[in-house]
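The structure file data.cif is reproduced below (mmCIF, C-alpha atoms).
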data_upload
#
loop_
_atom_site.group_PDB
_atom_site.id
_atom_site.type_symbol
_atom_site.label_atom_id
_atom_site.label_comp_id
_atom_site.auth_asym_id
_atom_site.auth_seq_id
_atom_site.Cartn_x
_atom_site.Cartn_y
_atom_site.Cartn_z
ATOM 1 C CA MET A 1 7.346 23.912 -15.732
ATOM 2 C CA ILE A 2 7.612 20.702 -13.712
ATOM 3 C CA ASP A 3 4.616 18.397 -14.132
ATOM 4 C CA LEU A 4 4.315 15.843 -11.298
ATOM 5 C CA THR A 5 0.943 14.409 -12.295
ATOM 6 C CA CYS A 6 0.629 10.666 -12.798
ATOM 7 C CA SER A 7 -2.167 8.311 -13.783
ATOM 8 C CA VAL A 8 -3.089 4.865 -12.451
ATOM 9 C CA ALA A 9 -6.210 2.988 -13.525
ATOM 10 C CA GLY A 10 -7.740 6.131 -14.966
ATOM 11 C CA ILE A 11 -7.227 8.043 -11.709
ATOM 12 C CA SER A 12 -5.147 11.208 -11.840
ATOM 13 C CA PHE A 13 -2.634 11.736 -9.029
ATOM 14 C CA LYS A 14 -1.257 15.239 -8.323
ATOM 15 C CA ASN A 15 2.143 13.685 -7.816
ATOM 16 C CA PRO A 16 3.570 10.142 -7.462
ATOM 17 C CA ILE A 17 3.755 10.210 -3.643
ATOM 18 C CA VAL A 18 1.181 8.066 -1.829
ATOM 19 C CA MET A 19 1.299 7.322 1.893
ATOM 20 C CA ALA A 20 1.432 3.568 2.480
ATOM 21 C CA SER A 21 -1.134 1.566 4.375
ATOM 22 C CA GLY A 22 -0.397 0.982 8.036
ATOM 23 C CA THR A 23 1.871 3.990 8.389
ATOM 24 C CA PHE A 24 -0.504 6.906 8.008
ATOM 25 C CA GLY A 25 -3.703 5.842 9.778
ATOM 26 C CA PHE A 26 -6.579 7.311 7.831
ATOM 27 C CA GLY A 27 -4.700 10.614 7.540
ATOM 28 C CA ARG A 28 -6.455 12.383 10.394
ATOM 29 C CA GLU A 29 -3.420 12.705 12.702
ATOM 30 C CA TYR A 30 -0.987 13.719 9.937
ATOM 31 C CA GLY A 31 -3.522 16.265 8.702
ATOM 32 C CA LYS A 32 -2.868 18.202 11.905
ATOM 33 C CA ILE A 33 0.855 18.393 11.055
ATOM 34 C CA TYR A 34 0.779 19.433 7.390
ATOM 35 C CA ASP A 35 -1.606 19.873 4.478
ATOM 36 C CA ILE A 36 -2.081 16.299 3.269
ATOM 37 C CA SER A 37 -3.992 17.495 0.214
ATOM 38 C CA LYS A 38 -0.505 18.122 -1.224
ATOM 39 C CA LEU A 39 -0.025 14.352 -1.441
ATOM 40 C CA GLY A 40 -0.663 12.244 -4.474
ATOM 41 C CA GLY A 41 -2.744 9.893 -2.374
ATOM 42 C CA ILE A 42 -3.320 7.994 0.849
ATOM 43 C CA SER A 43 -3.683 4.259 1.329
ATOM 44 C CA GLY A 44 -5.596 3.940 4.577
ATOM 45 C CA LYS A 45 -4.970 1.579 7.439
ATOM 46 C CA GLY A 46 -5.435 -2.055 6.456
ATOM 47 C CA LEU A 47 -9.039 -3.106 6.935
ATOM 48 C CA THR A 48 -10.637 -6.466 7.555
ATOM 49 C CA LEU A 49 -14.324 -7.243 7.460
ATOM 50 C CA HIS A 50 -14.485 -7.522 11.248
ATOM 51 C CA PRO A 51 -12.490 -5.486 13.806
ATOM 52 C CA LYS A 52 -9.136 -6.978 14.807
ATOM 53 C CA ALA A 53 -7.316 -6.359 18.071
ATOM 54 C CA GLY A 54 -3.947 -7.162 16.529
ATOM 55 C CA ASN A 55 -1.058 -9.066 18.074
ATOM 56 C CA GLU A 56 -0.110 -9.089 21.726
ATOM 57 C CA GLY A 57 3.365 -8.277 23.030
ATOM 58 C CA LEU A 58 5.981 -6.108 21.363
ATOM 59 C CA ARG A 59 4.799 -4.864 17.983
ATOM 60 C CA VAL A 60 7.609 -2.716 16.598
ATOM 61 C CA TYR A 61 11.390 -3.052 16.764
ATOM 62 C CA GLU A 62 13.883 -0.707 15.120
ATOM 63 C CA THR A 63 16.706 -2.364 13.196
ATOM 64 C CA PRO A 64 19.716 -0.923 11.352
ATOM 65 C CA SER A 65 18.171 0.738 8.260
ATOM 66 C CA GLY A 66 14.745 -0.700 8.907
ATOM 67 C CA MET A 67 11.898 -1.623 11.168
ATOM 68 C CA LEU A 68 10.274 -4.896 12.151
ATOM 69 C CA ASN A 69 6.564 -4.810 12.866
ATOM 70 C CA SER A 70 4.155 -7.360 14.212
ATOM 71 C CA VAL A 71 1.029 -5.238 14.520
ATOM 72 C CA GLY A 72 -1.269 -7.986 13.310
ATOM 73 C CA LEU A 73 -3.607 -5.817 11.239
ATOM 74 C CA GLU A 74 -5.233 -4.102 14.193
ATOM 75 C CA ASN A 75 -8.128 -2.168 12.715
ATOM 76 C CA PRO A 76 -11.742 -1.143 13.415
ATOM 77 C CA GLY A 77 -13.248 -3.191 10.561
ATOM 78 C CA VAL A 78 -14.806 -2.149 7.246
ATOM 79 C CA PRO A 79 -18.264 -1.145 8.614
ATOM 80 C CA TYR A 80 -16.717 1.183 11.229
ATOM 81 C CA PHE A 81 -14.432 2.717 8.590
ATOM 82 C CA LEU A 82 -17.341 3.413 6.276
ATOM 83 C CA GLU A 83 -19.480 4.918 9.018
ATOM 84 C CA HIS A 84 -16.886 6.921 10.946
ATOM 85 C CA GLU A 85 -13.936 7.703 8.655
ATOM 86 C CA CYS A 86 -15.384 8.159 5.182
ATOM 87 C CA SER A 87 -17.146 11.428 6.000
ATOM 88 C CA GLU A 88 -13.655 12.853 6.637
ATOM 89 C CA TRP A 89 -12.268 11.158 3.517
ATOM 90 C CA GLU A 90 -14.955 12.857 1.434
ATOM 91 C CA THR A 91 -13.300 16.189 2.217
ATOM 92 C CA LEU A 92 -9.735 15.137 1.284
ATOM 93 C CA ASP A 93 -8.441 16.567 -1.974
ATOM 94 C CA THR A 94 -6.170 13.619 -2.755
ATOM 95 C CA VAL A 95 -6.588 10.058 -4.051
ATOM 96 C CA ARG A 96 -8.079 7.842 -1.325
ATOM 97 C CA ILE A 97 -7.271 4.147 -1.363
ATOM 98 C CA ALA A 98 -8.998 1.634 0.923
ATOM 99 C CA ASN A 99 -6.621 -1.214 1.829
ATOM 100 C CA LEU A 100 -8.530 -4.475 2.249
ATOM 101 C CA GLY A 101 -7.188 -7.597 3.949
ATOM 102 C CA GLY A 102 -8.792 -10.807 5.121
ATOM 103 C CA ASN A 103 -8.367 -14.308 6.471
ATOM 104 C CA THR A 104 -10.908 -16.058 4.262
ATOM 105 C CA LEU A 105 -12.289 -15.627 0.766
ATOM 106 C CA ASP A 106 -15.633 -14.552 2.236
ATOM 107 C CA ASP A 107 -13.898 -11.859 4.300
ATOM 108 C CA TYR A 108 -12.388 -10.331 1.182
ATOM 109 C CA VAL A 109 -15.541 -10.517 -0.907
ATOM 110 C CA GLN A 110 -17.895 -9.161 1.732
ATOM 111 C CA GLY A 111 -15.453 -6.355 2.574
ATOM 112 C CA ALA A 112 -15.234 -5.350 -1.086
ATOM 113 C CA MET A 113 -19.009 -5.500 -1.481
ATOM 114 C CA LEU A 114 -19.570 -3.216 1.524
ATOM 115 C CA ILE A 115 -17.077 -0.661 0.170
ATOM 116 C CA GLN A 116 -18.763 -0.794 -3.250
ATOM 117 C CA GLN A 117 -22.248 -0.406 -1.747
ATOM 118 C CA ASP A 118 -21.097 2.588 0.293
ATOM 119 C CA HIS A 119 -19.476 4.061 -2.817
ATOM 120 C CA ASP A 120 -22.718 3.684 -4.781
ATOM 121 C CA ARG A 121 -24.779 5.275 -2.007
ATOM 122 C CA ARG A 122 -22.460 8.272 -1.734
ATOM 123 C CA GLN A 123 -22.450 8.747 -5.508
ATOM 124 C CA THR A 124 -26.220 9.144 -5.512
ATOM 125 C CA LEU A 125 -25.621 12.043 -3.114
ATOM 126 C CA GLY A 126 -22.909 13.494 -5.347
ATOM 127 C CA ARG A 127 -20.118 12.477 -2.983
ATOM 128 C CA GLN A 128 -17.170 10.075 -3.034
ATOM 129 C CA ALA A 129 -14.833 8.801 -0.299
ATOM 130 C CA VAL A 130 -12.950 5.838 -1.804
ATOM 131 C CA ASP A 131 -11.278 6.099 -5.221
ATOM 132 C CA MET A 132 -9.555 2.709 -5.318
ATOM 133 C CA ILE A 133 -9.298 -0.560 -3.405
ATOM 134 C CA GLU A 134 -5.882 -1.994 -2.581
ATOM 135 C CA LEU A 135 -6.289 -5.722 -2.106
ATOM 136 C CA ASN A 136 -3.749 -7.082 0.384
ATOM 137 C CA ILE A 137 -3.313 -10.778 -0.344
ATOM 138 C CA SER A 138 -0.413 -11.259 2.048
ATOM 139 C CA CYS A 139 -2.594 -12.296 4.986
ATOM 140 C CA PRO A 140 -2.670 -15.879 6.351
ATOM 141 C CA ASN A 141 -5.482 -18.004 4.995
ATOM 142 C CA VAL A 142 -6.628 -20.162 7.860
ATOM 143 C CA LYS A 143 -8.721 -22.346 5.548
ATOM 144 C CA GLU A 144 -5.570 -23.286 3.669
ATOM 145 C CA GLY A 145 -3.769 -24.322 6.826
ATOM 146 C CA GLY A 146 -1.870 -21.122 7.270
ATOM 147 C CA ILE A 147 -0.579 -20.763 3.694
ATOM 148 C CA ALA A 148 -0.672 -17.128 2.689
ATOM 149 C CA TYR A 149 -2.840 -16.235 -0.298
ATOM 150 C CA GLY A 150 0.090 -14.149 -1.409
ATOM 151 C CA VAL A 151 2.400 -17.139 -1.862
ATOM 152 C CA LYS A 152 0.591 -19.438 -4.279
ATOM 153 C CA THR A 153 -0.752 -18.035 -7.534
ATOM 154 C CA SER A 154 -3.605 -20.567 -7.689
ATOM 155 C CA ALA A 155 -4.942 -19.492 -4.273
ATOM 156 C CA ALA A 156 -4.446 -15.807 -5.004
ATOM 157 C CA ARG A 157 -6.289 -16.115 -8.338
ATOM 158 C CA GLU A 158 -9.500 -17.096 -6.579
ATOM 159 C CA VAL A 159 -9.308 -14.048 -4.295
ATOM 160 C CA VAL A 160 -8.493 -11.555 -7.052
ATOM 161 C CA ARG A 161 -11.208 -12.954 -9.335
ATOM 162 C CA SER A 162 -13.857 -12.925 -6.601
ATOM 163 C CA VAL A 163 -13.049 -9.417 -5.409
ATOM 164 C CA ARG A 164 -12.957 -8.181 -9.001
ATOM 165 C CA GLU A 165 -16.516 -9.498 -9.394
ATOM 166 C CA ALA A 166 -17.572 -7.860 -6.123
ATOM 167 C CA THR A 167 -16.516 -4.304 -6.958
ATOM 168 C CA LYS A 168 -16.337 -1.977 -9.937
ATOM 169 C CA LEU A 169 -13.894 0.337 -8.184
ATOM 170 C CA PRO A 170 -10.346 0.452 -9.564
ATOM 171 C CA LEU A 171 -8.442 -2.422 -7.996
ATOM 172 C CA THR A 172 -4.753 -2.692 -7.200
ATOM 173 C CA VAL A 173 -3.390 -5.932 -5.756
ATOM 174 C CA LYS A 174 -0.651 -5.694 -3.122
ATOM 175 C CA LEU A 175 1.748 -8.580 -3.583
ATOM 176 C CA SER A 176 3.957 -10.351 -1.106
ATOM 177 C CA PRO A 177 7.701 -10.576 -1.818
ATOM 178 C CA SER A 178 7.389 -14.173 -0.572
ATOM 179 C CA ALA A 179 5.361 -15.251 -3.599
ATOM 180 C CA GLU A 180 6.673 -18.479 -5.118
ATOM 181 C CA ASP A 181 6.795 -16.748 -8.503
ATOM 182 C CA LEU A 182 6.258 -13.005 -8.255
ATOM 183 C CA VAL A 183 6.097 -12.403 -12.005
ATOM 184 C CA GLU A 184 3.578 -15.220 -12.446
ATOM 185 C CA MET A 185 1.529 -13.724 -9.602
ATOM 186 C CA ALA A 186 1.562 -10.278 -11.200
ATOM 187 C CA VAL A 187 0.558 -11.619 -14.616
ATOM 188 C CA MET A 188 -2.317 -13.491 -12.952
ATOM 189 C CA CYS A 189 -3.537 -10.248 -11.357
ATOM 190 C CA GLN A 190 -3.614 -8.634 -14.769
ATOM 191 C CA GLU A 191 -5.462 -11.615 -16.284
ATOM 192 C CA GLU A 192 -8.086 -11.481 -13.531
ATOM 193 C CA GLY A 193 -8.887 -7.809 -14.057
ATOM 194 C CA GLY A 194 -6.586 -6.079 -11.605
ATOM 195 C CA ASP A 195 -6.052 -2.470 -12.648
ATOM 196 C CA ALA A 196 -2.658 -2.118 -10.992
ATOM 197 C CA ILE A 197 -0.135 -3.931 -8.808
ATOM 198 C CA SER A 198 1.307 -2.711 -5.512
ATOM 199 C CA LEU A 199 4.658 -4.115 -4.494
ATOM 200 C CA ILE A 200 6.339 -4.974 -2.303
ATOM 201 C CA ASN A 201 4.884 -5.741 1.120
ATOM 202 C CA THR A 202 7.226 -6.308 4.075
ATOM 203 C CA ILE A 203 9.772 -9.134 4.157
ATOM 204 C CA SER A 204 9.618 -11.677 6.954
ATOM 205 C CA GLY A 205 12.368 -11.129 9.532
ATOM 206 C CA MET A 206 13.324 -11.845 13.106
ATOM 207 C CA LYS A 207 14.934 -10.315 16.206
ATOM 208 C CA ILE A 208 16.178 -12.388 19.123
ATOM 209 C CA ASP A 209 16.522 -11.193 22.717
ATOM 210 C CA VAL A 210 19.678 -13.109 23.596
ATOM 211 C CA ARG A 211 19.262 -12.648 27.357
ATOM 212 C CA ARG A 212 15.743 -14.008 27.305
ATOM 213 C CA ARG A 213 16.783 -16.531 24.690
ATOM 214 C CA ALA A 214 13.580 -15.816 22.800
ATOM 215 C CA SER A 215 12.223 -13.841 19.891
ATOM 216 C CA VAL A 216 11.207 -10.323 20.872
ATOM 217 C CA PHE A 217 7.889 -10.944 19.125
ATOM 218 C CA ASN A 218 5.163 -13.249 20.396
ATOM 219 C CA ASN A 219 4.629 -14.420 16.807
ATOM 220 C CA MET A 220 8.370 -15.178 16.428
ATOM 221 C CA TYR A 221 8.693 -13.439 13.043
ATOM 222 C CA ALA A 222 7.758 -9.931 11.924
ATOM 223 C CA GLY A 223 7.666 -7.835 8.752
ATOM 224 C CA LEU A 224 10.812 -5.908 7.842
ATOM 225 C CA SER A 225 10.405 -2.559 6.090
ATOM 226 C CA GLY A 226 12.496 0.555 5.554
ATOM 227 C CA PRO A 227 15.680 1.375 3.611
ATOM 228 C CA ALA A 228 17.092 -2.118 4.227
ATOM 229 C CA ILE A 229 14.619 -3.635 1.745
ATOM 230 C CA LYS A 230 14.815 -0.968 -0.975
ATOM 231 C CA PRO A 231 17.260 -2.790 -3.265
ATOM 232 C CA ILE A 232 15.052 -5.898 -3.162
ATOM 233 C CA ALA A 233 11.872 -3.922 -3.797
ATOM 234 C CA LEU A 234 13.482 -2.050 -6.663
ATOM 235 C CA ARG A 235 14.577 -5.303 -8.304
ATOM 236 C CA MET A 236 11.109 -6.804 -7.966
ATOM 237 C CA VAL A 237 9.392 -3.717 -9.428
ATOM 238 C CA HIS A 238 11.786 -3.816 -12.358
ATOM 239 C CA GLN A 239 11.224 -7.544 -12.992
ATOM 240 C CA VAL A 240 7.432 -7.287 -12.804
ATOM 241 C CA ALA A 241 7.300 -4.146 -14.949
ATOM 242 C CA LYS A 242 8.835 -6.116 -17.820
ATOM 243 C CA HIS A 243 5.973 -8.622 -17.811
ATOM 244 C CA VAL A 244 2.736 -6.691 -17.211
ATOM 245 C CA ASP A 245 0.954 -3.857 -18.988
ATOM 246 C CA ILE A 246 -0.912 -2.536 -15.961
ATOM 247 C CA PRO A 247 0.629 0.188 -13.748
ATOM 248 C CA ILE A 248 2.830 -0.603 -10.755
ATOM 249 C CA ILE A 249 2.649 1.165 -7.417
ATOM 250 C CA GLY A 250 6.179 0.689 -6.094
ATOM 251 C CA MET A 251 7.206 0.761 -2.446
ATOM 252 C CA GLY A 252 9.966 -0.357 -0.117
ATOM 253 C CA GLY A 253 12.310 1.876 1.863
ATOM 254 C CA ILE A 254 11.763 5.217 0.129
ATOM 255 C CA THR A 255 13.248 8.117 2.115
ATOM 256 C CA SER A 256 14.379 10.586 -0.546
ATOM 257 C CA ALA A 257 13.509 12.079 -3.908
ATOM 258 C CA THR A 258 16.226 10.028 -5.582
ATOM 259 C CA ASP A 259 14.645 6.867 -4.145
ATOM 260 C CA ILE A 260 11.405 7.864 -5.882
ATOM 261 C CA ILE A 261 13.258 8.491 -9.122
ATOM 262 C CA GLU A 262 14.816 5.020 -8.912
ATOM 263 C CA PHE A 263 11.407 3.367 -8.582
ATOM 264 C CA ILE A 264 10.056 5.411 -11.493
ATOM 265 C CA MET A 265 13.051 4.443 -13.627
ATOM 266 C CA ALA A 266 12.434 0.796 -12.683
ATOM 267 C CA GLY A 267 8.908 1.088 -14.068
ATOM 268 C CA ALA A 268 6.645 2.277 -11.241
ATOM 269 C CA SER A 269 3.859 4.712 -12.073
ATOM 270 C CA VAL A 270 3.543 6.046 -8.530
ATOM 271 C CA VAL A 271 5.169 5.074 -5.225
ATOM 272 C CA GLN A 272 4.092 4.525 -1.651
ATOM 273 C CA VAL A 273 6.009 5.794 1.362
ATOM 274 C CA GLY A 274 5.761 3.810 4.586
ATOM 275 C CA THR A 275 8.407 3.585 7.300
ATOM 276 C CA TYR A 276 9.732 7.038 6.441
ATOM 277 C CA ASN A 277 6.528 8.468 7.950
ATOM 278 C CA PHE A 278 7.793 7.301 11.341
ATOM 279 C CA MET A 279 11.233 8.808 10.736
ATOM 280 C CA ASN A 280 9.926 12.164 9.485
ATOM 281 C CA LEU A 281 6.397 13.292 10.354
ATOM 282 C CA ARG A 282 6.526 15.674 7.385
ATOM 283 C CA ALA A 283 7.789 13.011 4.995
ATOM 284 C CA GLY A 284 5.208 13.819 2.322
ATOM 285 C CA GLU A 285 6.068 17.511 2.177
ATOM 286 C CA HIS A 286 9.783 16.773 2.282
ATOM 287 C CA LEU A 287 9.593 14.318 -0.616
ATOM 288 C CA ILE A 288 7.448 16.534 -2.825
ATOM 289 C CA ASP A 289 9.851 19.474 -2.411
ATOM 290 C CA GLY A 290 12.853 17.215 -2.979
ATOM 291 C CA LEU A 291 11.350 15.699 -6.092
ATOM 292 C CA ILE A 292 10.658 19.079 -7.653
ATOM 293 C CA GLN A 293 14.200 20.229 -6.870
ATOM 294 C CA PHE A 294 15.743 17.084 -8.360
ATOM 295 C CA MET A 295 13.682 17.348 -11.544
ATOM 296 C CA GLN A 296 14.644 21.003 -11.948
ATOM 297 C CA GLU A 297 18.337 20.169 -11.517
ATOM 298 C CA GLU A 298 18.131 17.301 -14.030
ATOM 299 C CA ASN A 299 15.903 19.146 -16.541
ATOM 300 C CA ILE A 300 13.144 16.544 -16.240
ATOM 301 C CA ASN A 301 9.784 18.080 -17.147
ATOM 302 C CA ASN A 302 7.594 15.111 -16.267
ATOM 303 C CA LEU A 303 8.101 11.589 -14.941
ATOM 304 C CA ASP A 304 7.044 9.956 -18.209
ATOM 305 C CA GLU A 305 10.432 11.021 -19.580
ATOM 306 C CA ILE A 306 12.225 8.586 -17.259
ATOM 307 C CA ARG A 307 9.582 5.958 -16.383
ATOM 308 C CA GLY A 308 10.785 2.438 -17.077
ATOM 309 C CA ILE A 309 13.944 3.531 -18.866
ATOM 310 C CA LEU A 310 15.953 0.570 -17.555
#

In structure tokens, how does this file's structure come out?
Amino acid sequence: MIDLTCSVAGISFKNPIVMASGTFGFGREYGKIYDISKLGGISGKGLTLHPKAGNEGLRVYETPSGMLNSVGLENPGVPYFLEHECSEWETLDTVRIANLGGNTLDDYVQGAMLIQQDHDRRQTLGRQAVDMIELNISCPNVKEGGIAYGVKTSAAREVVRSVREATKLPLTVKLSPSAEDLVEMAVMCQEEGGDAISLINTISGMKIDVRRRASVFNNMYAGLSGPAIKPIALRMVHQVAKHVDIPIIGMGGITSATDIIEFIMAGASVVQVGTYNFMNLRAGEHLIDGLIQFMQEENINNLDEIRGIL
């Protein structure tokens, strides 16, 4: 009997397949296509304290084996999410992760506090909508002159520590592959009370329109995701897994069951699937079926047998 269950921060996942933030909305649209309760979890659209309109101009560009995006964190804001989306999330039979971004320390802290307050209120009514917060520290910090929190460990420490104090919910920290020292950053997250680490976020890239002699994106650069970044993501998960004791949520270009197996062998506890949702609207179903088939063929009874074997 194949056992797909996994555990992160005391939360039980039916299987290791979680839909990545920014690629699955809040699940509502995909729920019309297939039964998303089959999934291990959902990381909702990235939220900021206040609504964001996102970037102007072209936002997505397909590349060989990948995708560039410059969406700019368009989202309705934390208060709207809590008021209008969480009633639907209460009904989902899967792990629900709220992805929280921000431009300032106050943005992060107030966003986390609102999610915690809403969680406490729902619990008094015997309900729950958010199981975990995913803290995205890859956003520009305008107070630091445009330096991303996700690059410097000292700046990131303040955010992780402050958000940890603001919420009792399980907390995973989503790291940027552009960190000056990714292992140091991950160890810091563990020291500051992070319950898990999500990695990697997109990698900065570029596309030039040679006839216009300009970048296709108004912001010049964009985030590259998809199969093109999988070898890099896999290496980073493996390196970080050797230096922390907390679970890793691995992501970066997963499109098949064997991709999932690779991340598990590198040390991930569960994985997130992003760009593949745009390539295959039934990606979750496809991956679950493929994973079961692979494990049957290889006589693997549960993922603990192969987790972190390299």

The PyMOL selection byres ((chain A and resi 199) around 8) - which residues does that actually catch in the file I just gave you? List them as a PDB file with C-alpha atoms, keeping the file's coordinate frame.
ATOM      1  CA  LYS A 174      -0.651  -5.694  -3.122  1.00  0.00           C
ATOM      2  CA  LEU A 175       1.748  -8.580  -3.583  1.00  0.00           C
ATOM      3  CA  SER A 176       3.957 -10.351  -1.106  1.00  0.00           C
ATOM      4  CA  PRO A 177       7.701 -10.576  -1.818  1.00  0.00           C
ATOM      5  CA  ILE A 197      -0.135  -3.931  -8.808  1.00  0.00           C
ATOM      6  CA  SER A 198       1.307  -2.711  -5.512  1.00  0.00           C
ATOM      7  CA  ILE A 200       6.339  -4.974  -2.303  1.00  0.00           C
ATOM      8  CA  ASN A 201       4.884  -5.741   1.120  1.00  0.00           C
ATOM      9  CA  ALA A 233      11.872  -3.922  -3.797  1.00  0.00           C
ATOM     10  CA  MET A 236      11.109  -6.804  -7.966  1.00  0.00           C
ATOM     11  CA  VAL A 237       9.392  -3.717  -9.428  1.00  0.00           C
ATOM     12  CA  ILE A 248       2.830  -0.603 -10.755  1.00  0.00           C
ATOM     13  CA  ILE A 249       2.649   1.165  -7.417  1.00  0.00           C
ATOM     14  CA  GLY A 250       6.179   0.689  -6.094  1.00  0.00           C
ATOM     15  CA  MET A 251       7.206   0.761  -2.446  1.00  0.00           C
ATOM     16  CA  GLY A 252       9.966  -0.357  -0.117  1.00  0.00           C
TER      17      GLY A 252
END

Which residues of segment 61-110 of chain A have any atom within 10 Å of an atom in segment 130-139 of chain A when counting all atoms listed in the file, and what is the closest pair of atoms for each, with the distance in Å to one decimal? Order the rows by chain and rising number and write it as CSV.
residue,atom,partner,partner_atom,distance
A:Gly72,CA,A:Cys139,CA,9.5
A:Leu73,CA,A:Cys139,CA,9.1
A:Leu82,CA,A:Val130,CA,9.5
A:Cys86,CA,A:Val130,CA,7.8
A:Trp89,CA,A:Val130,CA,7.6
A:Glu90,CA,A:Val130,CA,8.0
A:Thr94,CA,A:Asp131,CA,9.4
A:Val95,CA,A:Asp131,CA,6.2
A:Arg96,CA,A:Val130,CA,5.3
A:Ile97,CA,A:Met132,CA,4.8
A:Ala98,CA,A:Ile133,CA,4.9
A:Asn99,CA,A:Glu134,CA,4.5
A:Leu100,CA,A:Leu135,CA,5.1
A:Gly101,CA,A:Asn136,CA,5.0
A:Gly102,CA,A:Cys139,CA,6.4
A:Asn103,CA,A:Cys139,CA,6.3
A:Thr104,CA,A:Cys139,CA,9.2
A:Tyr108,CA,A:Leu135,CA,8.3

Item checked: Which residue of A:Gly44, A:Gly25, A:Pro79, A:Pro16 approaches Met113 of chain A most closely, using all atoms listed in the file -> A:Pro79

Next item on the list: Given the file shown, determine the residues that the PyMOL selection byres ((chain A and resi 283-298) around 7) selects; report them as a list in words.
Entry: Ile2, Leu39, Ser256, Ala257, Tyr276, Asn277, Asn280, Leu281, Arg282, Asn299, Ile300 and Asn301 of chain A

Next item on the list: Excluding Pro51 of chain A and any residue of its chain fewer than 6 positions from it, enumerate the residues within 8 Å of it, using all atoms listed in the file, and give them as a PyMOL selection string.
Entry: chain A and resi 74-78

Item checked: the PyMOL selection byres ((chain A and resi 254) around 8) applied to the shown file, residues as a PyMOL selection string -> chain A and resi 226-227+230+251-253+255-256+259-260+272-274+276

Item checked: Best match for closeness to Ser225 of chain A among A:Glu62, A:Asp245, A:Asp106, A:Glu262, counting all atoms listed in the file -> A:Glu62

Set up a box along x, y and z of the file covering all listed atoms of segment 55-71 of chain A, add 5 Å on every one of the six sides, and write the centre and edge lengths in Å to one decimal, as JSON.
{"center_x": 9.3, "center_y": -4.2, "center_z": 15.6, "size_x": 30.8, "size_y": 19.8, "size_z": 24.8}

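The spacing separating atom CA of Val173 of chain A from atom CA of Thr202 of chain A amounts to 14.5 Å.
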
Notebook entry, point to check: What lies within 12 Å of Ser269 of chain A using all atoms listed in the file, ignoring chain neighbours under 5 positions off, as an MDAnalysis selection string?
Noted result: chainID A and resid 4:9 11:13 15:18 40 196:199 237:238 241 245:251 260:264 302:308

Same residues, C-alpha atoms, output as a PDB file, in the coordinates of the input:
ATOM      1  CA  LEU A   4       4.315  15.843 -11.298  1.00  0.00           C
ATOM      2  CA  THR A   5       0.943  14.409 -12.295  1.00  0.00           C
ATOM      3  CA  CYS A   6       0.629  10.666 -12.798  1.00  0.00           C
ATOM      4  CA  SER A   7      -2.167   8.311 -13.783  1.00  0.00           C
ATOM      5  CA  VAL A   8      -3.089   4.865 -12.451  1.00  0.00           C
ATOM      6  CA  ALA A   9      -6.210   2.988 -13.525  1.00  0.00           C
ATOM      7  CA  ILE A  11      -7.227   8.043 -11.709  1.00  0.00           C
ATOM      8  CA  SER A  12      -5.147  11.208 -11.840  1.00  0.00           C
ATOM      9  CA  PHE A  13      -2.634  11.736  -9.029  1.00  0.00           C
ATOM     10  CA  ASN A  15       2.143  13.685  -7.816  1.00  0.00           C
ATOM     11  CA  PRO A  16       3.570  10.142  -7.462  1.00  0.00           C
ATOM     12  CA  ILE A  17       3.755  10.210  -3.643  1.00  0.00           C
ATOM     13  CA  VAL A  18       1.181   8.066  -1.829  1.00  0.00           C
ATOM     14  CA  GLY A  40      -0.663  12.244  -4.474  1.00  0.00           C
ATOM     15  CA  ALA A 196      -2.658  -2.118 -10.992  1.00  0.00           C
ATOM     16  CA  ILE A 197      -0.135  -3.931  -8.808  1.00  0.00           C
ATOM     17  CA  SER A 198       1.307  -2.711  -5.512  1.00  0.00           C
ATOM     18  CA  LEU A 199       4.658  -4.115  -4.494  1.00  0.00           C
ATOM     19  CA  VAL A 237       9.392  -3.717  -9.428  1.00  0.00           C
ATOM     20  CA  HIS A 238      11.786  -3.816 -12.358  1.00  0.00           C
ATOM     21  CA  ALA A 241       7.300  -4.146 -14.949  1.00  0.00           C
ATOM     22  CA  ASP A 245       0.954  -3.857 -18.988  1.00  0.00           C
ATOM     23  CA  ILE A 246      -0.912  -2.536 -15.961  1.00  0.00           C
ATOM     24  CA  PRO A 247       0.629   0.188 -13.748  1.00  0.00           C
ATOM     25  CA  ILE A 248       2.830  -0.603 -10.755  1.00  0.00           C
ATOM     26  CA  ILE A 249       2.649   1.165  -7.417  1.00  0.00           C
ATOM     27  CA  GLY A 250       6.179   0.689  -6.094  1.00  0.00           C
ATOM     28  CA  MET A 251       7.206   0.761  -2.446  1.00  0.00           C
ATOM     29  CA  ILE A 260      11.405   7.864  -5.882  1.00  0.00           C
ATOM     30  CA  ILE A 261      13.258   8.491  -9.122  1.00  0.00           C
ATOM     31  CA  GLU A 262      14.816   5.020  -8.912  1.00  0.00           C
ATOM     32  CA  PHE A 263      11.407   3.367  -8.582  1.00  0.00           C
ATOM     33  CA  ILE A 264      10.056   5.411 -11.493  1.00  0.00           C
ATOM     34  CA  ASN A 302       7.594  15.111 -16.267  1.00  0.00           C
ATOM     35  CA  LEU A 303       8.101  11.589 -14.941  1.00  0.00           C
ATOM     36  CA  ASP A 304       7.044   9.956 -18.209  1.00  0.00           C
ATOM     37  CA  GLU A 305      10.432  11.021 -19.580  1.00  0.00           C
ATOM     38  CA  ILE A 306      12.225   8.586 -17.259  1.00  0.00           C
ATOM     39  CA  ARG A 307       9.582   5.958 -16.383  1.00  0.00           C
ATOM     40  CA  GLY A 308      10.785   2.438 -17.077  1.00  0.00           C
TER      41      GLY A 308
END

Check: Which is closer to Leu92 of chain A than all the others in A:Gly31, A:Lys45, A:Asn55, A:Val160, using only C-alpha atoms?
Finding: A:Gly31

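Atom CA of Ala112 of chain A is found 20.8 Å from atom CA of Gly126 of chain A.
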